[in-house]
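Structure file work.tsv (TSV, C-alpha atoms) is printed below.
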chain	number	residue	atom	x	y	z
C	948	MET	CA	18.40	43.04	-21.30
C	949	GLU	CA	15.22	45.08	-21.01
C	950	PRO	CA	12.91	43.88	-18.23
C	951	ILE	CA	10.06	42.02	-19.90
C	952	LEU	CA	7.82	42.74	-16.92
C	953	ALA	CA	7.93	46.27	-15.59
C	954	ALA	CA	6.80	45.73	-12.00
C	955	ALA	CA	9.37	44.09	-9.73
C	956	GLY	CA	6.96	41.58	-8.18
C	957	ALA	CA	5.02	40.82	-11.34
C	958	GLY	CA	7.47	38.29	-12.72
C	959	HIS	CA	7.46	36.49	-9.40
C	960	ALA	CA	3.66	36.42	-9.31
C	961	VAL	CA	3.36	35.17	-12.89
C	962	ALA	CA	5.92	32.42	-12.23
C	963	PHE	CA	4.18	31.41	-9.01
C	964	TYR	CA	0.69	31.19	-10.51
C	965	ALA	CA	1.93	29.32	-13.58
C	966	MET	CA	3.86	26.75	-11.55
C	967	ALA	CA	1.17	26.37	-8.89
C	968	ALA	CA	-1.50	25.82	-11.55
C	969	LEU	CA	0.74	23.28	-13.29
C	970	ALA	CA	1.41	21.39	-10.05
C	971	VAL	CA	-2.19	21.33	-8.82
C	972	ALA	CA	-3.74	20.49	-12.20
C	973	SER	CA	-1.33	17.64	-12.88
C	974	ALA	CA	-1.77	16.33	-9.32
C	975	VAL	CA	-5.54	16.13	-9.84
C	976	LEU	CA	-5.03	14.47	-13.23
C	977	MET	CA	-2.60	12.00	-11.63
C	978	MET	CA	-5.16	11.03	-9.04
C	979	THR	CA	-7.95	10.50	-11.57
C	980	GLN	CA	-6.14	8.65	-14.38
C	981	ARG	CA	-6.98	4.98	-14.74
C	982	ASN	CA	-3.78	3.90	-16.46
C	983	PRO	CA	-0.89	3.76	-13.95
C	984	VAL	CA	1.58	4.82	-16.66
C	985	ALA	CA	-0.44	8.01	-17.21
C	986	CYS	CA	-0.43	8.53	-13.43
C	987	VAL	CA	3.36	8.36	-13.36
C	988	LEU	CA	3.73	10.81	-16.22
C	989	TRP	CA	1.33	13.33	-14.63
C	990	LEU	CA	3.20	13.02	-11.35
C	991	VAL	CA	6.42	13.86	-13.22
C	992	VAL	CA	4.73	17.03	-14.54
C	993	CYS	CA	3.58	17.82	-10.99
C	994	PHE	CA	7.14	17.46	-9.66
C	995	VAL	CA	8.43	19.78	-12.37
C	996	GLY	CA	5.82	22.31	-11.25
C	997	LEU	CA	7.00	21.89	-7.64
C	998	ALA	CA	10.59	22.42	-8.77
C	999	GLY	CA	9.40	25.66	-10.38
C	1000	LEU	CA	7.83	26.69	-7.06
C	1001	PHE	CA	11.17	25.96	-5.35
C	1002	VAL	CA	12.84	28.26	-7.87
C	1003	THR	CA	10.39	31.05	-7.03
C	1004	LEU	CA	11.51	30.60	-3.40
C	1005	GLU	CA	15.14	30.73	-4.59
C	1006	ALA	CA	15.82	27.17	-3.40
C	1007	TYR	CA	17.74	26.41	-6.56
C	1008	PHE	CA	19.62	23.33	-5.36
C	1009	LEU	CA	16.42	21.69	-4.16
C	1010	ALA	CA	14.76	22.47	-7.49
C	1011	VAL	CA	17.56	20.70	-9.34
C	1012	ILE	CA	17.44	17.72	-6.95
C	1013	GLN	CA	13.67	17.60	-7.35
C	1014	VAL	CA	13.96	17.26	-11.13
C	1015	LEU	CA	17.04	15.00	-11.20
C	1016	VAL	CA	16.22	12.62	-8.36
C	1017	TYR	CA	12.44	12.75	-8.04
C	1018	ALA	CA	11.13	13.35	-11.53
C	1019	GLY	CA	14.11	11.73	-13.22
C	1020	ALA	CA	15.02	8.70	-11.12
C	1021	ILE	CA	12.29	7.74	-8.64
C	1022	MET	CA	9.51	8.05	-11.22
C	1023	VAL	CA	11.50	5.87	-13.62
C	1024	LEU	CA	11.58	3.24	-10.87
C	1025	PHE	CA	7.76	3.41	-10.72
C	1026	LEU	CA	7.57	3.00	-14.51
C	1027	PHE	CA	9.90	-0.01	-14.29
C	1028	VAL	CA	7.67	-1.69	-11.73
C	1029	ILE	CA	4.53	-1.03	-13.77
C	1030	MET	CA	6.19	-2.59	-16.84
C	1031	LEU	CA	7.58	-5.40	-14.71
C	1032	LEU	CA	4.17	-6.36	-13.34
C	1033	ASN	CA	2.75	-5.99	-16.86
C	1034	LEU	CA	-0.78	-5.14	-15.86
C	1035	ARG	CA	-3.24	-6.26	-18.48
C	1036	PRO	CA	-6.19	-4.02	-19.40
C	1037	GLU	CA	-8.60	-6.17	-17.40
C	1038	ASP	CA	-6.45	-5.64	-14.31
C	1039	LEU	CA	-6.63	-1.91	-14.92
C	1040	LYS	CA	-10.43	-1.95	-15.00
C	1041	ALA	CA	-10.56	-3.88	-11.75
C	1042	VAL	CA	-8.40	-1.37	-9.91
C	1043	ALA	CA	-9.73	1.79	-11.52
C	1044	LEU	CA	-12.99	2.51	-9.73
C	1045	PRO	CA	-12.87	4.27	-6.37
C	1046	ARG	CA	-13.57	2.03	-3.41
C	1047	ILE	CA	-16.13	4.19	-1.69
C	1048	PRO	CA	-16.19	7.57	-3.45
C	1049	LEU	CA	-18.16	9.32	-0.71
C	1050	VAL	CA	-15.61	8.38	1.98
C	1051	GLY	CA	-12.83	9.76	-0.16
C	1052	VAL	CA	-14.64	13.04	-0.74
C	1053	VAL	CA	-15.48	13.41	2.96
C	1054	ALA	CA	-11.87	12.61	3.94
C	1055	ALA	CA	-10.57	15.16	1.46
C	1056	LEU	CA	-12.96	17.83	2.77
C	1057	LEU	CA	-11.99	17.07	6.39
C	1058	LEU	CA	-8.34	17.27	5.50
C	1059	LEU	CA	-8.80	20.52	3.62
C	1060	ALA	CA	-10.51	21.89	6.75
C	1061	ALA	CA	-7.53	20.74	8.85
C	1062	VAL	CA	-5.12	22.38	6.43
C	1063	VAL	CA	-7.10	25.64	6.57
C	1064	THR	CA	-6.96	25.48	10.39
C	1065	VAL	CA	-3.21	24.97	10.37
C	1066	ILE	CA	-2.74	27.82	7.94
C	1067	SER	CA	-4.92	30.17	9.98
C	1068	ALA	CA	-2.96	29.14	13.10
C	1069	SER	CA	0.20	30.31	11.37
C	1070	ARG	CA	-1.47	33.66	10.79
C	1071	PRO	CA	1.56	35.72	11.92
C	1072	TYR	CA	3.37	34.56	8.81
C	1073	PHE	CA	0.27	34.76	6.67
C	1074	GLY	CA	0.65	38.11	4.97
C	1075	MET	CA	4.43	38.07	4.61
C	1076	SER	CA	5.44	39.03	1.13
C	1077	VAL	CA	7.75	36.45	-0.40
C	1078	ALA	CA	9.30	39.04	-2.72
C	1079	GLY	CA	9.87	41.25	0.35
C	1080	ILE	CA	11.65	38.46	2.26
C	1081	LEU	CA	13.79	37.55	-0.72
C	1082	ALA	CA	14.72	41.20	-1.27
C	1083	GLU	CA	15.59	41.57	2.43
C	1084	VAL	CA	17.78	38.44	2.47
C	1085	GLY	CA	19.47	39.52	-0.74
C	1086	PRO	CA	20.05	37.49	-3.88
C	1087	THR	CA	20.82	33.82	-3.32
C	1088	LYS	CA	24.36	33.45	-4.58
C	1089	ASP	CA	25.16	29.88	-3.65
C	1090	SER	CA	22.22	27.72	-2.67
C	1091	VAL	CA	24.41	24.59	-2.56
C	1092	ARG	CA	26.63	26.13	0.12
C	1093	ASP	CA	23.56	27.41	2.00
C	1094	ILE	CA	22.39	23.81	2.37
C	1095	GLY	CA	25.79	22.15	2.60
C	1096	LEU	CA	27.08	24.18	5.58
C	1097	PRO	CA	24.27	23.32	8.04
C	1098	LEU	CA	24.13	19.79	6.60
C	1099	PHE	CA	27.75	18.94	7.36
C	1100	ARG	CA	28.11	21.09	10.49
C	1101	ASP	CA	24.85	20.78	12.45
C	1102	TRP	CA	23.33	17.59	11.05
C	1103	LEU	CA	26.18	15.10	11.40
C	1104	LEU	CA	24.15	12.32	12.97
C	1105	PRO	CA	21.18	12.51	10.56
C	1106	PHE	CA	23.66	12.54	7.69
C	1107	GLU	CA	25.34	9.33	8.86
C	1108	ALA	CA	21.95	7.82	9.70
C	1109	THR	CA	20.98	8.47	6.08
C	1110	SER	CA	23.74	6.14	4.89
C	1111	ILE	CA	22.46	3.41	7.22
C	1112	LEU	CA	18.95	4.03	5.89
C	1113	LEU	CA	20.19	3.66	2.31
C	1114	LEU	CA	22.06	0.49	3.28
C	1115	ALA	CA	18.89	-0.90	4.84
C	1116	ALA	CA	16.94	-0.01	1.68
C	1117	ILE	CA	19.52	-1.78	-0.51
C	1118	VAL	CA	19.50	-4.95	1.60
C	1119	GLY	CA	15.73	-4.90	2.01
C	1120	ALA	CA	14.90	-4.41	-1.65
C	1121	VAL	CA	17.39	-7.08	-2.76
C	1122	ALA	CA	16.13	-9.57	-0.17
C	1123	LEU	CA	12.49	-8.93	-1.11
C	1124	THR	CA	12.80	-9.22	-4.87
C	1125	LYS	CA	15.67	-11.56	-5.66
C	1126	ARG	CA	14.32	-15.06	-6.23
C	1127	LYS	CA	17.17	-17.29	-5.08
C	1128	VAL	CA	19.25	-15.49	-2.51
V	1476	MET	CA	-1.18	40.69	-6.63
V	1477	GLU	CA	1.85	40.26	-4.41
V	1478	ILE	CA	2.63	36.64	-3.56
V	1479	GLN	CA	2.56	35.91	0.16
V	1480	ILE	CA	3.70	32.93	2.20
V	1481	ALA	CA	0.03	31.98	2.54
V	1482	HIS	CA	-0.12	31.35	-1.21
V	1483	TYR	CA	2.54	28.67	-0.93
V	1484	LEU	CA	0.88	27.13	2.11
V	1485	VAL	CA	-2.45	26.95	0.28
V	1486	VAL	CA	-0.81	25.20	-2.68
V	1487	ALA	CA	0.91	22.78	-0.30
V	1488	GLY	CA	-2.41	22.12	1.45
V	1489	ILE	CA	-4.23	21.47	-1.82
V	1490	LEU	CA	-1.51	19.07	-3.01
V	1491	PHE	CA	-1.57	17.25	0.34
V	1492	ALA	CA	-5.38	16.95	0.17
V	1493	VAL	CA	-5.23	15.63	-3.41
V	1494	GLY	CA	-2.61	13.07	-2.34
V	1495	LEU	CA	-4.63	11.93	0.66
V	1496	THR	CA	-7.78	11.63	-1.43
V	1497	GLY	CA	-5.85	9.45	-3.85
V	1498	VAL	CA	-4.58	7.23	-1.03
V	1499	VAL	CA	-8.14	6.72	0.24
V	1500	VAL	CA	-9.87	6.38	-3.11
V	1501	ARG	CA	-7.49	4.40	-5.29
V	1502	ARG	CA	-7.05	0.63	-5.19
V	1503	ASN	CA	-3.86	0.18	-7.21
V	1504	ALA	CA	-1.01	-0.15	-4.72
V	1505	ILE	CA	1.45	1.58	-7.07
V	1506	VAL	CA	-0.87	4.58	-7.52
V	1507	ILE	CA	-1.41	4.75	-3.74
V	1508	LEU	CA	2.37	4.89	-3.32
V	1509	MET	CA	2.55	7.71	-5.89
V	1510	CYS	CA	-0.10	9.65	-3.97
V	1511	LEU	CA	2.02	9.20	-0.83
V	1512	GLU	CA	4.97	10.71	-2.70
V	1513	LEU	CA	2.76	13.65	-3.64
V	1514	MET	CA	1.88	14.19	0.05
V	1515	LEU	CA	5.58	14.14	0.96
V	1516	ASN	CA	6.25	16.76	-1.68
V	1517	ALA	CA	3.45	18.98	-0.42
V	1518	ALA	CA	5.11	18.89	3.01
V	1519	ASN	CA	8.45	19.71	1.36
V	1520	LEU	CA	6.93	22.80	-0.26
V	1521	ALA	CA	5.62	24.01	3.10
V	1522	LEU	CA	9.05	23.40	4.66
V	1523	VAL	CA	10.82	25.48	2.02
V	1524	ALA	CA	8.25	28.27	2.43
V	1525	PHE	CA	8.75	28.30	6.21
V	1526	SER	CA	12.53	28.23	5.82
V	1527	ARG	CA	12.08	31.51	3.94
V	1528	VAL	CA	9.80	32.88	6.69
V	1529	HIS	CA	12.41	32.21	9.37
V	1530	ARG	CA	15.32	33.20	7.09
V	1531	ASP	CA	16.89	29.89	8.08
V	1532	MET	CA	18.31	27.31	5.72
V	1533	GLN	CA	17.68	24.39	8.11
V	1534	GLY	CA	14.24	23.96	6.58
V	1535	GLN	CA	15.83	23.27	3.21
V	1536	VAL	CA	18.16	20.73	4.83
V	1537	PHE	CA	15.04	18.93	6.10
V	1538	VAL	CA	13.71	18.82	2.55
V	1539	PHE	CA	17.03	17.40	1.38
V	1540	PHE	CA	16.71	14.60	3.94
V	1541	ALA	CA	13.04	14.09	3.07
V	1542	ILE	CA	13.92	13.50	-0.59
V	1543	THR	CA	16.55	10.95	0.47
V	1544	VAL	CA	14.12	9.14	2.74
V	1545	ALA	CA	11.49	9.19	0.00
V	1546	ALA	CA	13.88	7.48	-2.42
V	1547	ALA	CA	14.71	4.72	0.06
V	1548	GLU	CA	11.05	4.35	0.97
V	1549	ALA	CA	9.97	4.10	-2.68
V	1550	ALA	CA	12.61	1.45	-3.40
V	1551	VAL	CA	11.51	-0.78	-0.50
V	1552	MET	CA	7.77	-0.21	-1.04
V	1553	LEU	CA	8.05	-1.14	-4.71
V	1554	ALA	CA	10.02	-4.25	-3.73
V	1555	ILE	CA	7.19	-5.17	-1.34
V	1556	ILE	CA	4.63	-4.63	-4.13
V	1557	ILE	CA	6.66	-6.92	-6.42
V	1558	ALA	CA	6.89	-9.58	-3.70
V	1559	VAL	CA	3.12	-9.38	-3.04
V	1560	TYR	CA	2.40	-9.54	-6.78
V	1561	ARG	CA	4.40	-12.77	-7.01
V	1562	GLN	CA	2.31	-14.32	-4.25
V	1563	ARG	CA	-1.15	-13.05	-5.19
V	1564	GLN	CA	-0.87	-11.92	-8.87
V	1565	THR	CA	-2.52	-8.62	-7.98
V	1566	VAL	CA	-1.72	-5.03	-7.03
V	1567	ASN	CA	-5.28	-4.38	-5.86
V	1568	VAL	CA	-5.10	-3.49	-2.18
V	1569	ASP	CA	-8.63	-4.84	-1.60
V	1570	GLU	CA	-7.39	-8.31	-2.53
V	1571	MET	CA	-4.41	-8.17	-0.18
V	1572	ASP	CA	-6.45	-9.52	2.73
V	1573	LEU	CA	-4.35	-12.49	3.84
V	1574	MET	CA	-4.00	-11.11	7.37
V	1575	GLN	CA	-7.71	-10.38	7.72
V	1576	GLY	CA	-9.23	-12.45	10.54
Q	287	MET	CA	13.24	38.13	-7.69
Q	288	GLY	CA	12.02	40.92	-9.97
Q	289	ALA	CA	14.62	41.82	-12.55
Q	290	GLU	CA	16.35	38.44	-12.19
Q	291	PHE	CA	13.23	36.91	-13.69
Q	292	ASN	CA	14.81	37.74	-17.04
Q	293	ASP	CA	17.45	35.12	-16.26
Q	294	TYR	CA	14.77	32.49	-16.73
Q	295	LEU	CA	13.78	33.69	-20.19
Q	296	PRO	CA	16.04	31.07	-21.88
Q	297	VAL	CA	14.44	28.32	-19.78
Q	298	VAL	CA	10.95	29.50	-20.70
Q	299	LEU	CA	11.93	29.71	-24.36
Q	300	THR	CA	13.39	26.19	-24.29
Q	301	VAL	CA	10.22	24.77	-22.75
Q	302	LEU	CA	8.06	26.63	-25.27
Q	303	LEU	CA	10.20	25.45	-28.18
Q	304	ALA	CA	10.23	21.83	-27.02
Q	305	GLY	CA	6.49	21.78	-26.34
Q	306	GLY	CA	5.71	23.68	-29.53
Q	307	LEU	CA	7.74	21.25	-31.64
Q	308	ALA	CA	5.96	18.25	-30.11
Q	309	VAL	CA	2.53	19.83	-30.70
Q	310	LEU	CA	3.53	20.87	-34.23
Q	311	LEU	CA	4.79	17.44	-35.28
Q	312	LEU	CA	1.89	15.51	-33.75
Q	313	GLY	CA	-0.61	18.01	-35.15
Q	314	LEU	CA	0.94	17.88	-38.64
Q	315	SER	CA	0.89	14.09	-38.74
Q	316	ALA	CA	-2.74	14.13	-37.61
Q	317	VAL	CA	-3.78	16.73	-40.19
Q	318	VAL	CA	-1.64	15.71	-43.18
Q	319	GLY	CA	-1.42	11.96	-42.64
Q	320	LYS	CA	-4.11	9.66	-43.97
Q	321	LYS	CA	-5.98	7.23	-41.80
Q	322	ALA	CA	-5.52	3.60	-42.86
Q	323	ARG	CA	-9.14	2.57	-43.26
Q	324	GLY	CA	-10.30	-0.97	-43.87
Q	325	ALA	CA	-6.83	-2.44	-43.66
Q	326	PRO	CA	-6.00	-3.44	-40.08
Q	327	VAL	CA	-2.59	-4.74	-41.17
Q	328	ARG	CA	-1.58	-1.15	-41.89
Q	329	ASP	CA	-2.10	-0.19	-38.26
Q	330	THR	CA	0.27	-2.84	-36.99
Q	331	PRO	CA	3.79	-1.83	-35.99
Q	332	TYR	CA	6.40	-2.25	-38.72
Q	333	GLU	CA	8.78	-5.09	-37.92
Q	334	CYS	CA	10.81	-5.27	-41.14
Q	335	GLY	CA	7.79	-6.69	-42.93
Q	336	MET	CA	7.60	-9.79	-40.76
Q	337	PRO	CA	4.35	-10.87	-39.15
Q	338	ILE	CA	4.18	-9.67	-35.56
Q	339	LEU	CA	5.53	-12.30	-33.22
Q	340	SER	CA	4.41	-11.04	-29.82
Q	341	GLU	CA	2.83	-8.18	-27.93
Q	342	ALA	CA	4.88	-5.12	-27.06
Q	343	HIS	CA	3.84	-5.53	-23.42
Q	344	THR	CA	5.98	-8.45	-22.45
Q	345	ARG	CA	6.98	-8.97	-18.86
Q	346	PHE	CA	10.43	-7.73	-17.90
Q	347	SER	CA	12.88	-9.54	-15.68
Q	348	VAL	CA	13.05	-8.38	-12.08
Q	349	LYS	CA	16.77	-7.74	-12.66
Q	350	PHE	CA	15.85	-4.51	-14.44
Q	351	TYR	CA	14.07	-3.33	-11.31
Q	352	LEU	CA	17.01	-4.29	-9.11
Q	353	VAL	CA	19.49	-2.39	-11.28
Q	354	ALA	CA	17.22	0.68	-11.43
Q	355	MET	CA	16.67	0.56	-7.66
Q	356	LEU	CA	20.41	0.28	-6.95
Q	357	PHE	CA	21.04	3.15	-9.36
Q	358	ILE	CA	18.65	5.41	-7.43
Q	359	LEU	CA	20.08	4.57	-4.01
Q	360	PHE	CA	23.64	5.25	-5.16
Q	361	ASP	CA	22.38	8.31	-7.05
Q	362	ILE	CA	21.26	9.72	-3.69
Q	363	GLU	CA	24.76	9.07	-2.37
Q	364	VAL	CA	26.23	11.16	-5.20
Q	365	VAL	CA	23.73	13.94	-4.47
Q	366	PHE	CA	25.28	14.18	-0.99
Q	367	LEU	CA	28.76	14.35	-2.51
Q	368	TYR	CA	27.87	17.52	-4.41
Q	369	PRO	CA	27.33	19.87	-1.43
Q	370	PHE	CA	30.25	18.06	0.24
Q	371	ALA	CA	32.57	19.18	-2.54
Q	372	VAL	CA	31.22	22.74	-2.43
Q	373	VAL	CA	31.62	23.27	1.32
Q	374	PHE	CA	34.83	21.26	1.73
Q	375	ASP	CA	37.00	24.38	2.18
Q	376	ASP	CA	34.60	26.06	4.61
Q	377	LEU	CA	34.74	23.41	7.35
Q	378	PRO	CA	37.69	21.78	9.13
Q	379	ALA	CA	38.96	19.07	6.84
Q	380	SER	CA	39.38	16.53	9.65
Q	381	LEU	CA	35.69	16.80	10.51
Q	382	ILE	CA	34.12	16.83	7.07
Q	383	PHE	CA	36.51	14.32	5.53
Q	384	VAL	CA	36.03	11.69	8.26
Q	385	GLU	CA	32.30	12.34	8.13
Q	386	MET	CA	32.15	11.56	4.45
Q	387	LEU	CA	34.49	8.56	4.82
Q	388	VAL	CA	32.11	6.99	7.34
Q	389	PHE	CA	29.18	7.71	5.03
Q	390	LEU	CA	30.90	6.12	2.05
Q	391	ALA	CA	32.15	3.14	4.11
Q	392	ILE	CA	28.60	2.26	5.18
Q	393	LEU	CA	27.36	2.44	1.60
Q	394	PHE	CA	30.40	0.47	0.43
Q	395	ALA	CA	29.21	-2.34	2.71
Q	396	GLY	CA	25.97	-2.25	0.72
Q	397	TRP	CA	27.94	-2.52	-2.51
Q	398	ILE	CA	29.85	-5.57	-1.18
Q	399	PHE	CA	26.49	-7.13	-0.24
Q	400	ILE	CA	25.23	-6.58	-3.80
Q	401	VAL	CA	28.30	-8.13	-5.39
Q	402	LYS	CA	28.33	-11.10	-3.01
Q	403	LYS	CA	24.66	-11.79	-3.70
Q	404	GLY	CA	25.30	-11.70	-7.42
Q	405	VAL	CA	22.64	-9.06	-8.03
Q	406	LEU	CA	24.59	-7.56	-10.89
Q	407	ARG	CA	25.30	-10.91	-12.56
Q	408	TRP	CA	23.21	-11.26	-15.70
Q	409	GLN	CA	24.04	-14.84	-16.72
Q	410	LYS	CA	22.17	-17.71	-15.15
Q	411	GLU	CA	24.20	-18.99	-12.21
Q	412	GLU	CA	22.66	-22.44	-12.05
Rewrite the structure of this file - the entire thing - as structure tokens.
Amino acid sequence: MEPILAAAGAGHAVAFYAMAALAVASAVLMMTQRNPVACVLWLVVCFVGLAGLFVTLEAYFLAVIQVLVYAGAIMVLFLFVIMLLNLRPEDLKAVALPRIPLVGVVAALLLLAAVVTVISASRPYFGMSVAGILAEVGPTKDSVRDIGLPLFRDWLLPFEATSILLLAAIVGAVALTKRKV
Amino acid sequence: MEIQIAHYLVVAGILFAVGLTGVVVRRNAIVILMCLELMLNAANLALVAFSRVHRDMQGQVFVFFAITVAAAEAAVMLAIIIAVYRQRQTVNVDEMDLMQG
Amino acid sequence: MGAEFNDYLPVVLTVLLAGGLAVLLLGLSAVVGKKARGAPVRDTPYECGMPILSEAHTRFSVKFYLVAMLFILFDIEVVFLYPFAVVFDDLPASLIFVEMLVFLAILFAGWIFIVKKGVLRWQKEE
């Protein structure tokens, strides 16, 4: 197949900017929508954009998990709860307006400043070319094995703790929502 | 034009800031929970970027665990929201003031 | 990435096709279709010609949430099984097999809890 983009890094850059724009724009839309169902759907779009960013970092397995588990399953759970609570339009109006808009804006600006500080503190990594790193590491052949080996070799205890966490979530959610236990 | 690690960190920072703004500004408990999920995902993006910086896959294992924890957290938080809704008939966090002195 | 970017051309094409079809169909129905003016009954959903009995936004039973929630938590379990299967041959079987057995046993306890509590029972117990 003929390369559709001549420069080696150009395809990477185009993919990055497209996915980053998709993720950021849908995140902002998610935050500003009044209808919670619209919020959920924009967050799904945002997670797809994040999965695209994972692909540009060659974290293929995480990208698949992101779409299957996050966008596919967890967001459906949110939709279920919204339909379950059956919020009427008057409820939506009551919850739509920001509490204190100025506080939110100030908090966001402060946080953005903090993020900029953190990023400038990690200056040694700042100018590293992602395409350069990926070329140096070589093509990712098996991203499942790349994650699975450290997971089952070095992270035994966290892995088993995860099952206890899931068990706790099962028991907790059932105990909280089931009427007559 | 070349994409650097900083680009990913900036995107992660913006997403985190958007999520935090949503947590502070919104009143609907479900939407606040969704903004929390967005913040978690912004951290995940930074973790994957740094795992590339250090040429170490452990960062991606962290993200794997973070997604698992997020699923468990979302399940329990939504159960709490349902339980509160049964008591108070609201998801507005300003009206959940039973513990206020 | 570079030349491998071409590998994603089918994905891009699929997304473009799917999005284009949605835009095309919605746009066509907006352009070609006629607005039902002055007859509110024409805007109501079609229920085999019967008068509408109730709103579409009825409240769902909490059982739907419980089933969806249990699906997600066991879905996560299966996500762990996938890398397990891939790396099974690379690590000593005694280690990785016992590891996964403990993991599954703990979640199996959760499954027994669910069955005992009758979460998956749809008929009224009382």
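Across the model, the gap from atom CA of Leu1024 of chain C to atom CA of Asn1567 of chain V is 19.2 Å.
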Within 7 Å of chain Q, which residues of chain V come that close, and what is the closest atom pair and distance in Å for each? Count only C-alpha atoms and give it as a Markdown table.
| residue | atom | partner | partner_atom | distance |
| --- | --- | --- | --- | --- |
| V:Thr1543 | CA | Q:Ile362 | CA | 6.4 |
| V:Ala1547 | CA | Q:Leu359 | CA | 6.7 |
| V:Ala1550 | CA | Q:Met355 | CA | 6.0 |
So that I can check the surroundings of segment 1511-1514 of chain V, please list as a PyMOL selection string every protein, DNA and RNA residue that reaches within 8 Å of it, counting all atoms listed in the file and ignoring chain neighbours fewer than 4 positions away.
(chain C and resi 974+990) or (chain V and resi 1490-1492+1494-1495+1498+1507+1518+1545)
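Atom to atom, atom CA of Met1509 of chain V and atom CA of Phe994 of chain C stand 11.4 Å apart.
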Kindly determine which residues of chain C lie within 8 Å of chain Q, considering only C-alpha atoms, and give the answer as a ChimeraX atom specification.
/C:948,950-951,954-959,1003,1012,1016,1020-1021,1024,1027-1028,1030-1033,1078,1081-1082,1086,1091-1092,1094-1096,1099-1100,1103,1106-1107,1110-1111,1113-1114,1116-1118,1120-1121,1124-1125,1128
Using atom CA of Val1506 of chain V and atom CA of Val1486 of chain V as the two end points, give the distance in Å to one decimal.
21.2 Å
Between C:Gly996, C:Val975, C:Ala1108, C:Val961, single out the one closest to chain V, counting all atoms listed in the file.
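Under the stated criterion, the closest residue is C:Val975.
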Coords for segment 298-311 of chain Q, N, CA and C atoms, as an mmCIF file, in the first residue's frame:
data_model
loop_
_atom_site.group_PDB
_atom_site.id
_atom_site.type_symbol
_atom_site.label_atom_id
_atom_site.label_comp_id
_atom_site.auth_asym_id
_atom_site.auth_seq_id
_atom_site.Cartn_x
_atom_site.Cartn_y
_atom_site.Cartn_z
ATOM 1 N N VAL Q 298 -10.365 4.160 9.936
ATOM 2 C CA VAL Q 298 -10.812 5.512 9.592
ATOM 3 C C VAL Q 298 -11.960 5.449 8.597
ATOM 4 N N LEU Q 299 -11.824 4.578 7.594
ATOM 5 C CA LEU Q 299 -12.874 4.462 6.580
ATOM 6 C C LEU Q 299 -14.187 3.998 7.210
ATOM 7 N N THR Q 300 -14.102 3.023 8.137
ATOM 8 C CA THR Q 300 -15.315 2.527 8.783
ATOM 9 C C THR Q 300 -16.011 3.641 9.545
ATOM 10 N N VAL Q 301 -15.201 4.424 10.311
ATOM 11 C CA VAL Q 301 -15.796 5.516 11.089
ATOM 12 C C VAL Q 301 -16.441 6.528 10.151
ATOM 13 N N LEU Q 302 -15.732 6.864 9.059
ATOM 14 C CA LEU Q 302 -16.271 7.841 8.111
ATOM 15 C C LEU Q 302 -17.561 7.318 7.487
ATOM 16 N N LEU Q 303 -17.563 6.046 7.100
ATOM 17 C CA LEU Q 303 -18.764 5.472 6.484
ATOM 18 C C LEU Q 303 -19.936 5.480 7.452
ATOM 19 N N ALA Q 304 -19.671 5.033 8.693
ATOM 20 C CA ALA Q 304 -20.758 4.974 9.676
ATOM 21 C C ALA Q 304 -21.307 6.362 9.965
ATOM 22 N N GLY Q 305 -20.382 7.313 10.202
ATOM 23 C CA GLY Q 305 -20.825 8.682 10.486
ATOM 24 C C GLY Q 305 -21.517 9.303 9.288
ATOM 25 N N GLY Q 306 -20.946 9.059 8.090
ATOM 26 C CA GLY Q 306 -21.535 9.627 6.875
ATOM 27 C C GLY Q 306 -22.933 9.103 6.636
ATOM 28 N N LEU Q 307 -23.136 7.807 6.888
ATOM 29 C CA LEU Q 307 -24.467 7.221 6.677
ATOM 30 C C LEU Q 307 -25.478 7.841 7.632
ATOM 31 N N ALA Q 308 -25.068 8.012 8.904
ATOM 32 C CA ALA Q 308 -25.986 8.612 9.878
ATOM 33 C C ALA Q 308 -26.358 10.024 9.455
ATOM 34 N N VAL Q 309 -25.333 10.824 9.069
ATOM 35 C CA VAL Q 309 -25.597 12.202 8.650
ATOM 36 C C VAL Q 309 -26.488 12.209 7.411
ATOM 37 N N LEU Q 310 -26.184 11.305 6.464
ATOM 38 C CA LEU Q 310 -26.943 11.257 5.208
ATOM 39 C C LEU Q 310 -28.409 10.959 5.477
ATOM 40 N N LEU Q 311 -28.677 9.917 6.282
ATOM 41 C CA LEU Q 311 -30.063 9.502 6.507
ATOM 42 C C LEU Q 311 -30.838 10.569 7.272
#
